[in-house]
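Visitor: Take this structure first; my questions come after.
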Amino acid sequence: MRRYLAVLGLTGLAFVWAQKKQVNAQESKTSPDKPAKLVEFPKVEHDFGKIKEEDRTATTRFTFKNVSKEPVRVVDVKASCGCTSPSWSKEPVAPGKEGFVEAQYSAWGRPGSFTKTLTVRVRSEKDTTREETYVLTIKGEVLPRPKGPEDWYPTKVGALRFGPANHVSFGTIKTNERKTLYVTLYNDSDKPLELREFVEVPKHVKVFFKTPKGTVPNYVLPPKDTVQVGVEYDAGAAGDYGFVYHLLKLRTNDAVEPDKPFYITANIEEYFGELTEQALAEAPRVQFDATEYNYGKIKAGEKVTHEFRLTNTGKKPLVIRKVKASCGCTAAMPEKSELKPGESTTIKVVFDSTGRAGRDSKSVTVITNDPRQPTTNLVIQGEIEAVSK
């Protein structure tokens, strides 16, 4: 009986195997053949491990083999971020031959771990509708570099470094304010540097060197040493309003660019004091008929002129402190600079579209002694059609 059952079992297994073989044969006849891959990458990921930031870049190369029966070409490689620069085989790769995709990672200024990808598009030269995409990965860890003068004083002019820059910004400052700010200078050379004097200094600005012995107008800065420059700004003495820009020069004995540029900026606003409701009610008041003008469509080279009407609706004289255009292509001129209560004037704006094209918008800033609204921006805009040559 046992022998009979064993034979029966073997017969059943043989039958199942024959059925499966028949089904596989039928599937192979009815299923379409899948096309083979165009290329093969032996590896699709590279770990740089630990990279020094001061080495600046790390590079690796991924190779691939054309495993198809026709030439292929790498048509594009896109990195997942601007910190990775790719390059690749530009010429077609013949069957059985190798090509490459190279990835260069910029480590400078990027301490810490990273993982980035490159998306590679490969296309058949014979059948251009046949294209495949591969994703390559690079990763690693950037070890931060030791900090030094180039970090603390990043702006360099010749042998002299400025920290954080050769620019002092006072931001918004009222006409009743006087402020002092400091910038650090560093001698990046191996010789003493003579800081002789600042020239072209406006009357409302004082510049000095702050040393252990006190403030001095000039100073000999030892090599690899620092000194602070103090800038004192008297907004009330400036006699100006709005954004104010000054370019000073620091004269030195440096062989490279001995006169160092030094910039000072401020946004000066008039101080009106602590005004009561009654004082505000009696103050001058600005009222424009409109603050925007759209000139529609013009051709490049044409000039546009528009007049903005301004009325003093307050109870005291309105003084136009300043009118300034946002660029040299725009000029603005007030008809009168002082208006009695109820009096009006116009601000004529002329815009020159030479050398411009597309949507364009320019502004004109009007500063007055209206305590509620000391600054008004007038906008002139439209579309400029480029003139074909």
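Please note that chains go A, B, ... in the order of the structure tokens, that every chain numbers its residues from 1, and that ligands are numbered from 1 in the order shown.
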Stretch 290-298 of chain A: which residues within 8 Å, counting only C-alpha atoms, same-chain residues fewer than 5 positions away excluded, as a PyMOL selection string?
Guide: chain A and resi 304+306+308-309+377-385
Visitor: Report as a ChimeraX atom specification all protein, DNA and RNA residues lying within 12 Å of A:Pro374, evaluated on only C-alpha atoms, omitting residues in the same chain fewer than 3 positions from it.
Guide: /A:241-242,268-272,283-287,318-323,365-371,377
Visitor: Would you write out those residues with N, CA and C atoms, as a CSV table (one decimal), in the first residue's frame?
Guide:
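And here's again.csv as it stands now:
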chain,number,residue,atom,x,y,z
A,241,TYR,N,17.7,114.8,3.9
A,241,TYR,CA,16.7,113.9,4.4
A,241,TYR,C,16.6,112.7,3.5
A,242,GLY,N,16.0,111.6,4.0
A,242,GLY,CA,15.9,110.4,3.2
A,242,GLY,C,17.2,109.6,3.2
A,268,ILE,N,17.8,109.5,6.9
A,268,ILE,CA,17.5,110.6,7.8
A,268,ILE,C,16.0,111.0,7.8
A,269,GLU,N,15.4,110.9,9.0
A,269,GLU,CA,14.0,111.3,9.1
A,269,GLU,C,13.9,112.5,10.1
A,270,GLU,N,13.1,113.5,9.7
A,270,GLU,CA,12.9,114.7,10.5
A,270,GLU,C,12.2,114.3,11.9
A,271,TYR,N,12.8,114.9,12.9
A,271,TYR,CA,12.2,114.7,14.3
A,271,TYR,C,11.2,115.8,14.5
A,272,PHE,N,9.9,115.4,14.8
A,272,PHE,CA,8.9,116.4,15.1
A,272,PHE,C,8.5,116.5,16.5
A,283,ALA,N,-0.8,121.1,12.0
A,283,ALA,CA,0.4,120.9,11.2
A,283,ALA,C,0.1,120.9,9.7
A,284,PRO,N,1.1,121.1,8.8
A,284,PRO,CA,0.9,121.0,7.4
A,284,PRO,C,0.5,119.5,7.0
A,285,ARG,N,-0.2,119.4,5.9
A,285,ARG,CA,-0.7,118.0,5.5
A,285,ARG,C,-0.5,117.8,4.0
A,286,VAL,N,0.0,116.7,3.6
A,286,VAL,CA,0.2,116.4,2.2
A,286,VAL,C,-1.0,115.7,1.7
A,287,GLN,N,-1.4,116.1,0.5
A,287,GLN,CA,-2.4,115.4,-0.2
A,287,GLN,C,-2.2,115.4,-1.7
A,318,LEU,N,3.6,124.1,4.2
A,318,LEU,CA,4.1,122.8,3.9
A,318,LEU,C,5.4,123.0,3.1
A,319,VAL,N,6.5,122.4,3.6
A,319,VAL,CA,7.8,122.5,3.0
A,319,VAL,C,8.2,121.2,2.4
A,320,ILE,N,8.6,121.3,1.1
A,320,ILE,CA,9.1,120.1,0.4
A,320,ILE,C,10.6,120.0,0.6
A,321,ARG,N,11.0,119.1,1.5
A,321,ARG,CA,12.4,119.0,1.9
A,321,ARG,C,13.2,118.4,0.8
A,322,LYS,N,12.7,117.4,0.1
A,322,LYS,CA,13.6,116.7,-0.9
A,322,LYS,C,12.7,116.0,-1.9
A,323,VAL,N,13.1,115.9,-3.2
A,323,VAL,CA,12.5,115.1,-4.2
A,323,VAL,C,13.6,114.3,-4.9
A,365,THR,N,10.7,109.8,-4.6
A,365,THR,CA,10.4,110.0,-3.2
A,365,THR,C,10.3,111.4,-2.9
A,366,VAL,N,9.2,111.8,-2.3
A,366,VAL,CA,8.9,113.2,-1.9
A,366,VAL,C,8.9,113.3,-0.4
A,367,ILE,N,9.8,114.1,0.2
A,367,ILE,CA,9.9,114.3,1.6
A,367,ILE,C,9.5,115.7,2.0
A,368,THR,N,8.6,115.8,3.0
A,368,THR,CA,8.0,117.1,3.4
A,368,THR,C,8.1,117.2,4.9
A,369,ASN,N,7.5,118.3,5.4
A,369,ASN,CA,7.5,118.5,6.9
A,369,ASN,C,6.1,118.1,7.5
A,370,ASP,N,5.4,117.3,6.8
A,370,ASP,CA,4.1,116.7,7.3
A,370,ASP,C,4.4,115.7,8.3
A,371,PRO,N,4.2,115.9,9.6
A,371,PRO,CA,4.5,114.9,10.6
A,371,PRO,C,3.8,113.6,10.5
A,377,ASN,N,5.9,108.1,-1.8
A,377,ASN,CA,6.5,107.5,-3.0
A,377,ASN,C,5.5,107.6,-4.2
Visitor: Determine which residues of stretch 36-99 of chain A receive a DSSP assignment of strand (DSSP E), computed from the backbone, and state them as an MDAnalysis selection string.
Guide: chainID A and resid 39:40 45:52 57:66 72:79 84:88 98:99
Visitor: Between atom CA of A:Leu195 and atom CA of A:Asp254, measure the distance and give it in Å to one decimal.
Guide: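 Pair atom CA of A:Leu195 / atom CA of A:Asp254 returns 9.1 Å.
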Visitor: Could you tell me which of A:Ile138, A:Ile347, A:Cys81, A:Val72 comes closest to A:Lys126 if we count only C-alpha atoms?
Guide: A:Val72
Visitor: Would you mind reading off the distance between atom CA of A:Pro146 and atom CA of A:Arg110, one decimal, in Å?
Guide: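 Atom-to-atom, atom CA of A:Pro146 and atom CA of A:Arg110 are spaced 13.2 Å apart.
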Visitor: Quick check, in Å to one decimal: how far apart do atom CA of A:Thr59 and atom CA of A:Arg145 lie?
Guide: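 Pair atom CA of A:Thr59 / atom CA of A:Arg145 returns 18.7 Å.
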Visitor: How would you write, as number ranges by chain, the set of residues in stretch 212-352 of chain A that DSSP gives as alpha helix (DSSP H)?
Guide: A: 277-281
Visitor: If we count only C-alpha atoms, what is near A:Pro317 at a cut-off of 8 Å, once residues fewer than 4 positions away on the same chain are taken out, given as number ranges by chain?
Guide: A: 284, 312, 338-341
Visitor: Write a file of the just-selected residues containing N, CA and C atoms, as a PDB file, in the first residue's frame.
Guide:
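Result file is selection-v4.pdb:
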ATOM      1  N   PRO A 284       1.081 121.081   8.849  1.00  0.00           N
ATOM      2  CA  PRO A 284       0.870 120.964   7.402  1.00  0.00           C
ATOM      3  C   PRO A 284       0.475 119.530   7.047  1.00  0.00           C
ATOM      4  N   ASN A 312      -1.511 121.336  -0.003  1.00  0.00           N
ATOM      5  CA  ASN A 312      -1.338 121.414   1.444  1.00  0.00           C
ATOM      6  C   ASN A 312      -2.724 121.585   2.060  1.00  0.00           C
ATOM      7  N   GLU A 338       7.553 125.438  -1.198  1.00  0.00           N
ATOM      8  CA  GLU A 338       6.808 125.754   0.021  1.00  0.00           C
ATOM      9  C   GLU A 338       5.390 126.165  -0.346  1.00  0.00           C
ATOM     10  N   LEU A 339       4.425 125.560   0.351  1.00  0.00           N
ATOM     11  CA  LEU A 339       3.022 125.810   0.059  1.00  0.00           C
ATOM     12  C   LEU A 339       2.305 126.343   1.300  1.00  0.00           C
ATOM     13  N   LYS A 340       1.562 127.400   1.110  1.00  0.00           N
ATOM     14  CA  LYS A 340       0.722 127.916   2.184  1.00  0.00           C
ATOM     15  C   LYS A 340      -0.485 126.996   2.367  1.00  0.00           C
ATOM     16  N   PRO A 341      -1.197 127.090   3.480  1.00  0.00           N
ATOM     17  CA  PRO A 341      -2.385 126.260   3.665  1.00  0.00           C
ATOM     18  C   PRO A 341      -3.371 126.444   2.499  1.00  0.00           C
TER      19      PRO A 341
END
Visitor: Would you list the contacts of A:Ala331 as an MDAnalysis selection string, taking every protein, DNA or RNA residue within 7 Å and counting only C-alpha atoms, but skipping same-chain residues closer than 4 positions in sequence?
Guide: chainID A and resid 325 349:351
Visitor: Restricting it to N, CA and C atoms, dump the selection as a PDB file, in the first residue's frame.
Guide:
ATOM      1  N   ALA A 325      14.552 110.817  -7.385  1.00  0.00           N
ATOM      2  CA  ALA A 325      14.136 109.708  -8.239  1.00  0.00           C
ATOM      3  C   ALA A 325      14.951 108.465  -7.925  1.00  0.00           C
ATOM      4  N   VAL A 349       7.447 114.821 -13.395  1.00  0.00           N
ATOM      5  CA  VAL A 349       8.306 113.647 -13.498  1.00  0.00           C
ATOM      6  C   VAL A 349       8.533 113.329 -14.966  1.00  0.00           C
ATOM      7  N   VAL A 350       9.809 113.186 -15.358  1.00  0.00           N
ATOM      8  CA  VAL A 350      10.170 112.845 -16.739  1.00  0.00           C
ATOM      9  C   VAL A 350      10.925 111.520 -16.714  1.00  0.00           C
ATOM     10  N   PHE A 351      10.409 110.551 -17.497  1.00  0.00           N
ATOM     11  CA  PHE A 351      11.043 109.227 -17.556  1.00  0.00           C
ATOM     12  C   PHE A 351      11.559 108.982 -18.965  1.00  0.00           C
TER      13      PHE A 351
END
Visitor: Would you mind listing, for every residue of stretch 93-199 of chain A within 8 Å of stretch 244-252 of chain A, the two atoms forming the shortest contact and the distance between them in Å to one decimal, using only C-alpha atoms, sorted by chain and ascending residue number, as a Markdown table?
Guide:
| residue | atom | partner | partner_atom | distance |
| --- | --- | --- | --- | --- |
| A:Leu193 | CA | A:Thr252 | CA | 7.0 |
| A:Glu194 | CA | A:Thr252 | CA | 5.3 |
| A:Leu195 | CA | A:Thr252 | CA | 4.8 |
| A:Arg196 | CA | A:Arg251 | CA | 5.4 |
| A:Glu197 | CA | A:Arg251 | CA | 5.5 |
| A:Phe198 | CA | A:Leu250 | CA | 4.5 |
| A:Val199 | CA | A:Lys249 | CA | 5.3 |
